[in-house]
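Asker: Here you go, model.tsv (TSV, C-alpha atoms and all ligand atoms):
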chain	number	residue	atom	x	y	z
A	33	MET	CA	11.91	19.69	-55.49
A	34	ALA	CA	10.27	22.08	-57.97
A	35	GLY	CA	7.67	20.41	-60.20
A	36	ALA	CA	8.03	17.12	-58.34
A	37	PHE	CA	5.29	14.51	-58.08
A	38	ARG	CA	4.51	14.98	-54.37
A	39	VAL	CA	3.63	11.99	-52.20
A	40	ALA	CA	2.52	12.03	-48.53
A	41	LEU	CA	2.17	9.11	-46.13
A	42	THR	CA	-0.32	9.51	-43.31
A	43	ARG	CA	1.18	10.35	-39.94
A	44	ASP	CA	-0.07	7.16	-38.28
A	45	PHE	CA	2.75	5.21	-39.97
A	46	LEU	CA	4.96	6.79	-37.29
A	47	THR	CA	5.12	5.90	-33.61
A	48	ALA	CA	5.21	8.61	-30.94
A	49	ASP	CA	9.01	8.52	-31.03
A	50	GLY	CA	9.12	8.96	-34.82
A	51	ARG	CA	9.88	5.39	-35.96
A	52	ILE	CA	7.94	3.65	-38.70
A	53	GLY	CA	5.85	1.28	-36.59
A	54	TRP	CA	5.61	-1.30	-39.38
A	55	GLY	CA	9.40	-1.40	-39.90
A	56	GLU	CA	10.70	-1.68	-43.47
A	57	ILE	CA	7.90	-0.70	-45.89
A	58	GLY	CA	9.94	-0.20	-49.06
A	59	LEU	CA	10.38	3.60	-48.96
A	60	ASP	CA	13.69	3.34	-50.85
A	61	ALA	CA	11.72	2.99	-54.08
A	62	LEU	CA	10.19	6.44	-53.49
A	63	THR	CA	13.49	8.01	-52.49
A	64	SER	CA	15.34	6.66	-55.52
A	65	THR	CA	12.79	7.77	-58.13
A	66	THR	CA	13.77	10.97	-59.92
A	67	GLY	CA	11.06	13.62	-59.98
A	68	VAL	CA	9.27	12.26	-56.89
A	69	SER	CA	9.38	13.84	-53.43
A	70	TRP	CA	7.78	12.36	-50.35
A	71	GLU	CA	7.12	13.11	-46.70
A	72	PHE	CA	4.94	12.10	-43.78
A	73	LEU	CA	1.98	14.37	-43.06
A	74	THR	CA	2.92	16.56	-40.12
A	75	SER	CA	-0.25	16.13	-38.11
A	76	GLU	CA	-2.25	13.07	-37.17
A	77	THR	CA	-5.97	13.51	-37.83
A	78	THR	CA	-8.78	10.97	-37.92
A	79	GLU	CA	-10.04	12.60	-41.14
A	80	LEU	CA	-7.59	14.04	-43.67
A	81	PRO	CA	-8.14	17.77	-44.36
A	82	PRO	CA	-8.98	19.20	-47.82
A	83	SER	CA	-5.48	20.74	-48.03
A	84	VAL	CA	-3.99	17.30	-48.87
A	85	GLY	CA	-5.91	17.35	-52.16
A	86	MET	CA	-4.21	20.61	-53.17
A	87	ASP	CA	-0.72	19.84	-51.84
A	88	TYR	CA	-0.07	16.28	-53.01
A	89	ASP	CA	-0.35	14.16	-56.16
A	90	ALA	CA	-0.55	10.94	-54.14
A	91	LEU	CA	-1.41	9.79	-50.63
A	92	ILE	CA	-0.42	6.51	-49.00
A	93	VAL	CA	-3.06	5.96	-46.34
A	94	LEU	CA	-3.18	3.75	-43.28
A	95	SER	CA	-6.18	4.51	-41.06
A	96	PRO	CA	-7.40	8.13	-41.39
A	97	THR	CA	-10.66	8.76	-43.24
A	98	VAL	CA	-10.62	10.15	-46.76
A	99	SER	CA	-14.08	11.70	-47.04
A	100	ALA	CA	-15.96	13.81	-49.56
A	101	THR	CA	-14.81	16.82	-47.49
A	102	THR	CA	-11.18	15.66	-47.75
A	103	LEU	CA	-11.61	15.53	-51.52
A	104	SER	CA	-13.57	18.79	-51.85
A	105	ALA	CA	-10.57	20.65	-53.31
A	106	ALA	CA	-8.60	17.79	-54.84
A	107	ASP	CA	-7.22	19.76	-57.80
A	108	ARG	CA	-3.86	18.04	-57.54
A	109	LEU	CA	-4.53	14.65	-55.92
A	110	LYS	CA	-4.62	11.73	-58.39
A	111	VAL	CA	-4.21	8.59	-56.33
A	112	VAL	CA	-4.95	7.33	-52.82
A	113	ALA	CA	-3.01	4.13	-52.21
A	114	ARG	CA	-4.41	2.22	-49.26
A	115	PHE	CA	-1.85	0.14	-47.32
A	116	GLY	CA	-3.90	-3.11	-47.15
A	117	VAL	CA	-7.05	-4.39	-48.82
A	118	GLY	CA	-9.80	-2.91	-46.62
A	119	TYR	CA	-11.01	0.55	-47.55
A	120	ASP	CA	-13.90	1.23	-45.15
A	121	ASN	CA	-12.12	4.50	-44.30
A	122	ILE	CA	-12.21	5.80	-47.88
A	123	ASP	CA	-15.26	7.33	-49.61
A	124	VAL	CA	-14.92	5.49	-52.93
A	125	ALA	CA	-17.72	7.39	-54.72
A	126	ALA	CA	-16.18	10.71	-53.66
A	127	CYS	CA	-12.80	9.53	-55.01
A	128	THR	CA	-14.35	8.68	-58.38
A	129	THR	CA	-16.15	12.02	-58.61
A	130	ALA	CA	-12.95	13.87	-57.72
A	131	GLY	CA	-10.87	11.95	-60.29
A	132	VAL	CA	-8.83	10.20	-57.61
A	133	LEU	CA	-7.90	6.58	-58.20
A	134	LEU	CA	-8.10	4.37	-55.09
A	135	THR	CA	-5.74	1.40	-55.03
A	136	ILE	CA	-5.27	-1.53	-52.60
A	137	THR	CA	-2.53	-4.12	-52.02
A	138	PRO	CA	-3.88	-7.68	-52.51
A	139	ASP	CA	-0.40	-8.86	-53.54
A	140	GLY	CA	0.93	-7.65	-50.16
A	141	VAL	CA	-1.61	-9.51	-48.01
A	142	ARG	CA	-2.06	-12.71	-50.02
A	143	ARG	CA	0.76	-14.88	-48.70
A	144	PRO	CA	1.09	-13.41	-45.15
A	145	VAL	CA	-2.64	-13.68	-44.36
A	146	ALA	CA	-2.85	-17.18	-45.84
A	147	VAL	CA	0.16	-18.29	-43.78
A	148	ALA	CA	-1.43	-16.70	-40.70
A	149	ALA	CA	-4.69	-18.58	-41.29
A	150	VAL	CA	-2.84	-21.87	-41.65
A	151	SER	CA	-0.82	-21.06	-38.51
A	152	MET	CA	-4.06	-20.52	-36.60
A	153	MET	CA	-5.50	-23.75	-37.97
A	154	LEU	CA	-2.45	-25.79	-36.95
A	155	ALA	CA	-2.09	-24.11	-33.55
A	156	LEU	CA	-5.74	-24.88	-32.87
A	157	THR	CA	-5.77	-28.48	-34.08
A	158	HIS	CA	-2.48	-29.19	-32.26
A	159	ARG	CA	-3.85	-27.49	-29.14
A	160	ILE	CA	-0.70	-25.45	-28.78
A	161	ARG	CA	-2.21	-22.97	-26.31
A	162	ASN	CA	-3.54	-25.76	-24.05
A	163	LYS	CA	-0.22	-27.63	-24.12
A	164	ASP	CA	1.80	-24.50	-23.42
A	165	LEU	CA	-0.36	-23.97	-20.33
A	166	LEU	CA	0.06	-27.60	-19.20
A	167	VAL	CA	3.82	-27.08	-19.00
A	168	ARG	CA	3.59	-23.66	-17.33
A	169	ASN	CA	0.96	-24.79	-14.82
A	170	GLY	CA	2.70	-28.00	-13.70
A	171	ARG	CA	0.10	-30.18	-15.45
A	172	TRP	CA	2.54	-32.19	-17.63
A	173	HIS	CA	0.78	-35.50	-16.94
A	174	ASP	CA	-2.64	-34.23	-18.09
A	175	LYS	CA	-1.43	-34.32	-21.69
A	176	LEU	CA	-3.61	-37.26	-22.74
A	177	ASP	CA	-6.62	-35.01	-22.15
A	178	TYR	CA	-5.50	-32.75	-24.99
A	179	MET	CA	-5.08	-35.04	-27.97
A	180	GLY	CA	-4.74	-33.08	-31.22
A	181	THR	CA	-6.27	-33.52	-34.69
A	182	SER	CA	-3.97	-34.10	-37.68
A	183	PRO	CA	-4.84	-32.22	-40.87
A	184	THR	CA	-3.81	-35.01	-43.24
A	185	GLY	CA	-6.80	-36.70	-44.84
A	186	ARG	CA	-9.19	-34.23	-43.21
A	187	ALA	CA	-11.63	-31.97	-45.04
A	188	LEU	CA	-10.71	-28.30	-45.17
A	189	GLY	CA	-13.67	-26.03	-45.94
A	190	LEU	CA	-12.93	-22.57	-47.28
A	191	LEU	CA	-15.81	-20.15	-46.93
A	192	GLY	CA	-14.72	-17.74	-49.67
A	193	TRP	CA	-12.20	-18.66	-52.34
A	194	GLY	CA	-10.65	-15.36	-53.40
A	195	ASN	CA	-7.14	-13.94	-53.14
A	196	ILE	CA	-6.44	-15.38	-49.65
A	197	GLY	CA	-8.62	-18.51	-49.89
A	198	ARG	CA	-6.82	-19.65	-53.05
A	199	GLU	CA	-3.43	-19.10	-51.38
A	200	ILE	CA	-4.54	-21.22	-48.40
A	201	THR	CA	-5.35	-23.96	-50.91
A	202	THR	CA	-1.79	-23.81	-52.25
A	203	LEU	CA	-0.29	-23.88	-48.75
A	204	CYS	CA	-2.46	-26.77	-47.57
A	205	ALA	CA	-2.03	-29.00	-50.62
A	206	PRO	CA	1.17	-30.63	-49.24
A	207	LEU	CA	-0.69	-31.45	-46.01
A	208	GLY	CA	-2.87	-33.90	-47.94
A	209	MET	CA	-6.18	-32.31	-47.02
A	210	ARG	CA	-9.35	-32.77	-49.05
A	211	GLN	CA	-10.41	-29.25	-49.97
A	212	LEU	CA	-13.95	-27.90	-50.28
A	213	ALA	CA	-14.90	-24.29	-50.94
A	214	THR	CA	-18.07	-22.24	-51.05
A	215	ASP	CA	-17.89	-19.10	-53.14
A	216	PRO	CA	-20.70	-18.12	-55.53
A	217	TYR	CA	-18.25	-16.10	-57.61
A	218	ALA	CA	-15.37	-18.58	-57.84
A	219	ASP	CA	-14.33	-19.93	-61.22
A	220	PRO	CA	-15.11	-23.69	-61.38
A	221	THR	CA	-12.28	-24.36	-63.86
A	222	THR	CA	-9.67	-22.74	-61.60
A	223	ALA	CA	-11.08	-24.61	-58.61
A	224	ALA	CA	-10.99	-27.95	-60.42
A	225	ALA	CA	-7.38	-27.31	-61.49
A	226	ALA	CA	-6.49	-26.71	-57.82
A	227	ALA	CA	-8.30	-29.91	-56.76
A	228	VAL	CA	-10.85	-27.86	-54.83
A	229	GLN	CA	-14.46	-29.01	-54.84
A	230	LEU	CA	-16.87	-26.08	-54.99
A	231	CYS	CA	-19.96	-26.95	-52.97
A	232	SER	CA	-23.02	-25.53	-51.25
A	233	ILE	CA	-22.61	-23.81	-47.91
A	234	ASP	CA	-24.69	-26.54	-46.26
A	235	ARG	CA	-22.34	-29.25	-47.49
A	236	LEU	CA	-19.31	-27.19	-46.45
A	237	PHE	CA	-20.57	-26.93	-42.86
A	238	ALA	CA	-21.66	-30.56	-42.64
A	239	GLU	CA	-18.51	-32.15	-44.11
A	240	SER	CA	-15.58	-29.98	-43.11
A	241	ASP	CA	-13.23	-30.85	-40.27
A	242	ILE	CA	-11.79	-27.35	-40.33
A	243	ILE	CA	-13.59	-24.34	-41.78
A	244	ILE	CA	-11.61	-21.19	-42.57
A	245	VAL	CA	-13.65	-18.04	-43.18
A	246	THR	CA	-12.02	-16.04	-45.99
A	247	CYS	CA	-14.93	-14.33	-47.72
A	248	ALA	CA	-15.54	-10.62	-48.12
A	249	LEU	CA	-17.84	-8.89	-45.63
A	250	THR	CA	-20.90	-7.73	-47.59
A	251	PRO	CA	-24.59	-7.37	-46.68
A	252	GLU	CA	-24.93	-10.92	-48.08
A	253	THR	CA	-22.21	-12.41	-45.85
A	254	HIS	CA	-23.14	-10.62	-42.60
A	255	HIS	CA	-23.80	-13.46	-40.07
A	256	LEU	CA	-23.41	-16.00	-42.88
A	257	VAL	CA	-21.99	-18.22	-40.13
A	258	ASN	CA	-25.10	-18.32	-37.95
A	259	ALA	CA	-26.50	-20.60	-35.23
A	260	ASP	CA	-28.03	-23.07	-37.72
A	261	ARG	CA	-24.79	-23.46	-39.68
A	262	LEU	CA	-22.71	-23.83	-36.52
A	263	ALA	CA	-25.15	-26.47	-35.27
A	264	ALA	CA	-24.64	-28.39	-38.52
A	265	MET	CA	-20.86	-28.70	-37.92
A	266	LYS	CA	-19.28	-31.92	-36.65
A	267	ARG	CA	-18.58	-31.96	-32.91
A	268	SER	CA	-14.93	-32.59	-33.77
A	269	ALA	CA	-14.69	-29.64	-36.18
A	270	PHE	CA	-12.87	-26.32	-35.84
A	271	LEU	CA	-13.64	-22.82	-37.16
A	272	VAL	CA	-11.00	-20.22	-38.05
A	273	ASN	CA	-11.96	-16.62	-38.94
A	274	VAL	CA	-9.30	-14.36	-40.45
A	275	ALA	CA	-11.76	-12.41	-42.66
A	276	ARG	CA	-14.07	-10.01	-40.81
A	277	GLY	CA	-15.83	-10.42	-37.45
A	278	PRO	CA	-19.43	-9.71	-38.51
A	279	ILE	CA	-19.42	-12.65	-40.95
A	280	VAL	CA	-19.76	-14.87	-37.85
A	281	ASP	CA	-22.61	-14.54	-35.34
A	282	GLU	CA	-20.31	-14.28	-32.30
A	283	GLU	CA	-23.05	-14.97	-29.76
A	284	ALA	CA	-23.98	-18.20	-31.56
A	285	LEU	CA	-20.31	-19.16	-31.86
A	286	THR	CA	-19.75	-18.56	-28.14
A	287	ALA	CA	-22.68	-20.87	-27.36
A	288	VAL	CA	-21.45	-23.79	-29.51
A	289	LEU	CA	-17.94	-23.44	-28.10
A	290	ALA	CA	-19.14	-23.23	-24.50
A	291	ASN	CA	-21.30	-26.35	-24.82
A	292	ARG	CA	-18.57	-28.17	-26.83
A	293	HIS	CA	-20.82	-28.59	-29.83
A	294	ILE	CA	-17.70	-27.87	-31.92
A	295	ALA	CA	-14.11	-28.59	-30.91
A	296	GLY	CA	-12.66	-25.10	-31.09
A	297	ALA	CA	-12.22	-21.80	-32.88
A	298	ALA	CA	-9.45	-19.37	-33.74
A	299	LEU	CA	-10.36	-15.74	-34.28
A	300	ASP	CA	-8.25	-12.88	-35.57
A	301	VAL	CA	-11.33	-10.68	-36.07
A	302	PHE	CA	-14.36	-9.81	-33.94
A	303	GLU	CA	-17.78	-8.26	-34.33
A	304	SER	CA	-16.55	-5.36	-32.25
A	305	GLU	CA	-12.81	-4.62	-32.09
A	306	PRO	CA	-11.39	-4.76	-29.52
A	307	PRO	CA	-13.91	-7.14	-27.93
A	308	ASP	CA	-15.40	-6.31	-24.54
A	309	PRO	CA	-12.90	-7.57	-21.92
A	310	ASN	CA	-15.83	-9.35	-20.24
A	311	HIS	CA	-16.91	-11.13	-23.42
A	312	PRO	CA	-17.53	-14.81	-22.54
A	313	LEU	CA	-15.41	-15.91	-25.54
A	314	LEU	CA	-12.33	-14.67	-23.69
A	315	GLY	CA	-12.89	-17.17	-20.88
A	316	LEU	CA	-13.12	-20.31	-23.05
A	317	ASP	CA	-10.18	-22.72	-23.25
A	318	ASN	CA	-11.05	-24.02	-26.73
A	319	VAL	CA	-10.54	-20.65	-28.41
A	320	LEU	CA	-7.39	-19.01	-29.78
A	321	LEU	CA	-7.52	-15.24	-30.13
A	322	ALA	CA	-5.46	-12.58	-31.91
A	323	PRO	CA	-5.94	-8.78	-32.03
A	324	HIS	CA	-6.59	-8.52	-35.81
A	325	ALA	CA	-2.84	-8.79	-36.22
A	326	ILE	CA	-2.11	-12.49	-36.67
A	327	ALA	CA	-0.81	-11.69	-40.17
A	328	TRP	CA	1.36	-8.74	-39.11
A	329	THR	CA	4.85	-9.74	-40.09
A	330	ASP	CA	7.87	-8.12	-41.72
A	331	GLN	CA	6.72	-9.54	-45.07
A	332	LEU	CA	3.21	-8.12	-44.73
A	333	ALA	CA	4.65	-4.67	-43.95
A	334	PHE	CA	7.14	-4.76	-46.81
A	335	GLY	CA	4.63	-6.30	-49.23
A	336	ASN	CA	1.86	-3.79	-48.51
A	337	GLY	CA	4.28	-0.85	-48.49
A	338	SER	CA	5.98	-1.89	-51.72
A	339	SER	CA	2.64	-2.51	-53.44
A	340	ALA	CA	1.19	0.87	-52.37
A	341	ILE	CA	4.40	2.65	-53.44
A	342	ARG	CA	4.36	0.82	-56.79
A	343	ALA	CA	0.81	2.08	-57.37
A	344	VAL	CA	1.89	5.65	-56.63
A	345	LEU	CA	4.96	5.40	-58.89
A	346	ASP	CA	2.80	3.90	-61.65
A	347	VAL	CA	0.62	7.01	-61.56
A	348	ALA	CA	3.72	9.24	-61.42
A	349	THR	CA	5.03	7.57	-64.58
A	350	GLY	CA	1.71	7.60	-66.42
A	351	VAL	CA	0.63	3.97	-66.00
A	352	VAL	CA	-2.63	2.60	-64.59
A	353	PRO	CA	-1.76	0.77	-61.32
A	354	ALA	CA	-2.41	-2.94	-60.97
A	355	TYR	CA	-5.13	-2.91	-58.30
A	356	PRO	CA	-7.55	0.00	-58.75
A	357	VAL	CA	-10.79	-0.16	-56.72
A	358	ASN	CA	-12.59	2.49	-58.78
A	359	PRO	CA	-11.47	2.24	-62.42
A	360	GLY	CA	-14.35	4.63	-63.23
A	361	ALA	CA	-12.08	7.43	-61.96
A	362	LEU	CA	-9.88	6.90	-65.02
A	363	ARG	CA	-12.54	8.68	-67.12
A	364	HIS	CA	-11.84	11.92	-65.22
A	365	PRO	CA	-9.77	14.45	-67.26
A	366	LYS	CA	-7.23	14.61	-64.39
A	367	LEU	CA	-6.28	10.96	-65.01
A	368	SER	CA	-6.55	10.97	-68.81
A	369	MET	CA	-2.73	10.79	-69.11
A	370	LEU	CA	-2.66	7.28	-67.56
A	371	LYS	CA	-2.06	4.47	-70.03
A	372	ALA	CA	-3.05	0.84	-69.49
A	373	ARG	CA	-0.04	-1.31	-68.68
A	374	SER	CA	0.98	-3.76	-71.36
A	375	ALA	CA	-0.07	-7.41	-70.89
A	376	ASN	CA	3.41	-8.53	-69.78
A	377	GLU	CA	3.53	-5.78	-67.15
A	378	HIS	CA	0.42	-7.10	-65.35
A	379	HIS	CA	0.97	-8.11	-61.75
A	380	GLN	CA	-0.62	-11.39	-60.77
A	381	SER	CA	-3.76	-10.70	-58.75
A	401	LIG	N1	-7.07	-10.65	-40.83
A	401	LIG	C1	-6.47	-9.79	-41.61
A	401	LIG	O1	-5.51	-9.12	-41.22
A	401	LIG	C2	-6.95	-9.62	-43.02
A	401	LIG	C3	-6.07	-9.09	-43.98
A	401	LIG	C4	-6.51	-8.98	-45.31
A	401	LIG	C5	-7.80	-9.36	-45.65
A	401	LIG	N2	-8.65	-9.82	-44.68
A	401	LIG	C6	-10.01	-10.23	-45.01
A	401	LIG	O2	-9.93	-11.53	-45.60
A	401	LIG	C7	-11.06	-11.72	-46.47
A	401	LIG	C8	-10.56	-12.24	-47.80
A	401	LIG	O3	-9.72	-11.27	-48.42
A	401	LIG	P1	-9.26	-11.49	-49.94
A	401	LIG	O4	-8.10	-10.57	-50.16
A	401	LIG	O5	-9.14	-12.91	-50.24
A	401	LIG	O6	-10.53	-10.89	-50.68
A	401	LIG	P2	-11.13	-11.31	-52.10
A	401	LIG	O7	-12.07	-10.23	-52.47
A	401	LIG	O8	-10.04	-11.66	-53.05
A	401	LIG	O9	-11.93	-12.66	-51.77
A	401	LIG	C9	-13.14	-12.66	-51.08
A	401	LIG	C10	-13.98	-13.77	-51.68
A	401	LIG	O10	-15.23	-13.80	-50.97
A	401	LIG	C11	-16.15	-14.28	-51.92
A	401	LIG	N3	-17.55	-14.12	-51.51
A	401	LIG	C12	-18.36	-13.06	-51.66
A	401	LIG	N4	-19.60	-13.36	-51.21
A	401	LIG	C13	-19.56	-14.64	-50.76
A	401	LIG	C14	-20.51	-15.52	-50.17
A	401	LIG	N5	-21.78	-15.14	-50.00
A	401	LIG	N6	-20.10	-16.74	-49.84
A	401	LIG	C15	-18.83	-17.16	-50.02
A	401	LIG	N7	-17.89	-16.37	-50.58
A	401	LIG	C16	-18.25	-15.14	-50.94
A	401	LIG	C17	-15.81	-13.50	-53.18
A	401	LIG	O11	-16.36	-14.11	-54.34
A	401	LIG	C18	-14.30	-13.55	-53.16
A	401	LIG	O12	-13.81	-14.63	-53.92
A	401	LIG	C19	-11.77	-10.38	-46.53
A	401	LIG	O13	-12.85	-10.39	-45.64
A	401	LIG	C20	-10.72	-9.39	-46.05
A	401	LIG	O14	-11.31	-8.25	-45.50
A	401	LIG	C21	-8.24	-9.98	-43.38
The structure given in the file should be rewritten as structure tokens.

Answerer:
Amino acid sequence: MAGAFRVALTRDFLTADGRIGWGEIGLDALTSTTGVSWEFLTSETTELPPSVGMDYDALIVLSPTVSATTLSAADRLKVVARFGVGYDNIDVAACTTAGVLLTITPDGVRRPVAVAAVSMMLALTHRIRNKDLLVRNGRWHDKLDYMGTSPTGRALGLLGWGNIGREITTLCAPLGMRQLATDPYADPTTAAAAAVQLCSIDRLFAESDIIIVTCALTPETHHLVNADRLAAMKRSAFLVNVARGPIVDEEALTAVLANRHIAGAALDVFESEPPDPNHPLLGLDNVLLAPHAIAWTDQLAFGNGSSAIRAVLDVATGVVPAYPVNPGALRHPKLSMLKARSANEHHQS
């Protein structure tokens, strides 16, 4: 298509036999937009080559690195839309310098990750893994040894009250849980309106029956869940981590689980992924584990894909996308044609 706005998706969206591994990701919106052409990159590389910056107006990126070298000749490239909310694989400063807007998809992950966290919480407190094994292993009559913990009336502690933490609050409200949250940047008025009590981290660890880790990983939150905080938890309490592995000191967590100082944990994320197959956590019966994919559902795939594609089409039609990571890039002459969306066009963040 001559003069088209050219979009490429990274090759790792495709399986070895050429299917889209994530299933339906909303590509129809690209296909049906006049003046836009799209394709998958033909080769799979861990770092995207500089040619992508000359050949395409937009990239939709899964896992390859977009480095300063990738962007060294980005005369054409205007937007990198990351499928998901993590962007450790993208050099943000290099994007800004090159006049490339980086966008993420918080609207795509919000509900699916929150539902996944609540699923982990309920599976853990209802001891679903233990009870499944009782049936399989002919231990039906041992069931009194695996009494569960009902969420109703219990204290839920959210460590981080952002996009996903707030959605967990909404999902858990009908369960009748008392909700506490620790987040130095949360808005007290919004929290009060959601019947969430903002509190210190010490109070959160001492009072909560279930703690869900949903904060960002930053230098400040690395090992925020450490041996002292784990020791302050109730013996009956549970910990769920769907955020990032290094927020929790895994060695300290393994110790409190092994000596039954807390009741159990559910982990979708690990300090090192995948974890060492000999890691002692893998041998404990009070732990539920998932391969950083507990939230991977049809709705996550469609939501992330649709959000990333919307960002690309916004740029194609001259509008600033809803979720830019580096708005400073908008000052670059290459992006000067983008107009702020009107107030009623704003997506809810
Ligand atoms: N498991 C998965 O598949 C998956 C998917 C998406 C996101 N995540 C992770 O989930 C987490 C939450 O994502 P989100 O979209 O809600 O991000 P977000 O940026 O909207 O929310 C993160 C919150 O952490 C808070 N925070 C920062 N420092 C803190 C501190 N010291 N103590 C407590 N809170 C602090 C921030 O104020 C913010 O409100 C992130 O770590 C993200 O990487 C995991």

Asker: Could you list, as a ChimeraX atom specification, all residues that come within 7 Å of ligand LIG 401 (chain A)? Count only C-alpha atoms and all ligand atoms.

Answerer: /A:116-118,138,141-142,145,191-197,214-218,246-250,252-253,274-276,300-301,324-327

Asker: Just the selected residues (C-alpha atoms), exported as a JSON list (two decimals), in the coordinates of the input, please.

Answerer:
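Written out: selection_27.json:
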[["chain", "number", "residue", "atom", "x", "y", "z"],
["A", 116, "GLY", "CA", -3.90, -3.11, -47.15],
["A", 117, "VAL", "CA", -7.05, -4.39, -48.82],
["A", 118, "GLY", "CA", -9.80, -2.91, -46.62],
["A", 138, "PRO", "CA", -3.88, -7.68, -52.51],
["A", 141, "VAL", "CA", -1.61, -9.51, -48.01],
["A", 142, "ARG", "CA", -2.06, -12.71, -50.02],
["A", 145, "VAL", "CA", -2.64, -13.68, -44.36],
["A", 191, "LEU", "CA", -15.81, -20.15, -46.93],
["A", 192, "GLY", "CA", -14.72, -17.74, -49.67],
["A", 193, "TRP", "CA", -12.20, -18.66, -52.34],
["A", 194, "GLY", "CA", -10.65, -15.36, -53.40],
["A", 195, "ASN", "CA", -7.14, -13.94, -53.14],
["A", 196, "ILE", "CA", -6.44, -15.38, -49.65],
["A", 197, "GLY", "CA", -8.62, -18.51, -49.89],
["A", 214, "THR", "CA", -18.07, -22.24, -51.05],
["A", 215, "ASP", "CA", -17.89, -19.10, -53.14],
["A", 216, "PRO", "CA", -20.70, -18.12, -55.53],
["A", 217, "TYR", "CA", -18.25, -16.10, -57.61],
["A", 218, "ALA", "CA", -15.37, -18.58, -57.84],
["A", 246, "THR", "CA", -12.02, -16.04, -45.99],
["A", 247, "CYS", "CA", -14.93, -14.33, -47.72],
["A", 248, "ALA", "CA", -15.54, -10.62, -48.12],
["A", 249, "LEU", "CA", -17.84, -8.89, -45.63],
["A", 250, "THR", "CA", -20.90, -7.73, -47.59],
["A", 252, "GLU", "CA", -24.93, -10.92, -48.08],
["A", 253, "THR", "CA", -22.21, -12.41, -45.85],
["A", 274, "VAL", "CA", -9.30, -14.36, -40.45],
["A", 275, "ALA", "CA", -11.76, -12.41, -42.66],
["A", 276, "ARG", "CA", -14.07, -10.01, -40.81],
["A", 300, "ASP", "CA", -8.25, -12.88, -35.57],
["A", 301, "VAL", "CA", -11.33, -10.68, -36.07],
["A", 324, "HIS", "CA", -6.59, -8.52, -35.81],
["A", 325, "ALA", "CA", -2.84, -8.79, -36.22],
["A", 326, "ILE", "CA", -2.11, -12.49, -36.67],
["A", 327, "ALA", "CA", -0.81, -11.69, -40.17]]

Asker: For a cutoff of 12 Å around the file-coordinate point (1.7, -17.5, -41.8), which residues qualify once you count only C-alpha atoms? I'd like the result as a list in words.

Answerer: Val141, Arg142, Arg143, Pro144, Val145, Ala146, Val147, Ala148, Ala149, Val150, Ser151, Met152, Met153, Leu154, Ala155, Ile196, Glu199, Ile200, Leu203, Cys204, Val274, Ala325, Ile326, Ala327, Trp328, Thr329, Asp330, Gln331 and Leu332 of chain A

Asker: Wanna dump the range 80-103 of chain A-range 339-360 of chain A contacts at 10 Å for me, each residue with its shortest atom pair and the distance in Å to one decimal, counting all atoms listed in the file, ordered by chain and number, as a Markdown table?

Answerer:
| residue | atom | partner | partner_atom | distance |
| --- | --- | --- | --- | --- |
| A:Asp89 | CA | A:Ala348 | CA | 8.3 |
| A:Ala90 | CA | A:Val344 | CA | 6.3 |
| A:Leu91 | CA | A:Val344 | CA | 8.0 |
| A:Ile92 | CA | A:Ala340 | CA | 6.8 |
| A:Val93 | CA | A:Ala340 | CA | 9.0 |

Asker: So that I can check the surroundings of Thr97 in chain A, please list as a ChimeraX atom specification every protein, DNA and RNA residue that reaches within 6 Å of it, counting all atoms listed in the file and ignoring chain neighbours fewer than 4 positions away.

Answerer: /A:79,121-122

Asker: Would you mind reading off the distance between CA of Leu133 in chain A and CA of Ser338 in chain A, one decimal, in Å?

Answerer: 17.5 Å

Asker: Nearest to Gly277 in chain A: which of A:Gly58, A:Gly337, A:Gly315, A:Pro307 is it, counting only C-alpha atoms?

Answerer: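 With only C-alpha atoms as the atom set, the closest residue is A:Pro307.
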
Asker: Tell me, in Å to one decimal, how far CA of Lys371 in chain A is from CA of Pro81 in chain A.

Answerer: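 Pair CA of Lys371 in chain A / CA of Pro81 in chain A returns 29.5 Å.
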
Asker: Which residue out of A:Ala227, A:Leu94, A:Ala269, A:Val84 has the minimum interatomic distance to Leu109 in chain A when all atoms listed in the file are used?

Answerer: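 Between A:Ala227, A:Leu94, A:Ala269, A:Val84, the residue approaching Leu109 in chain A most closely is A:Val84.
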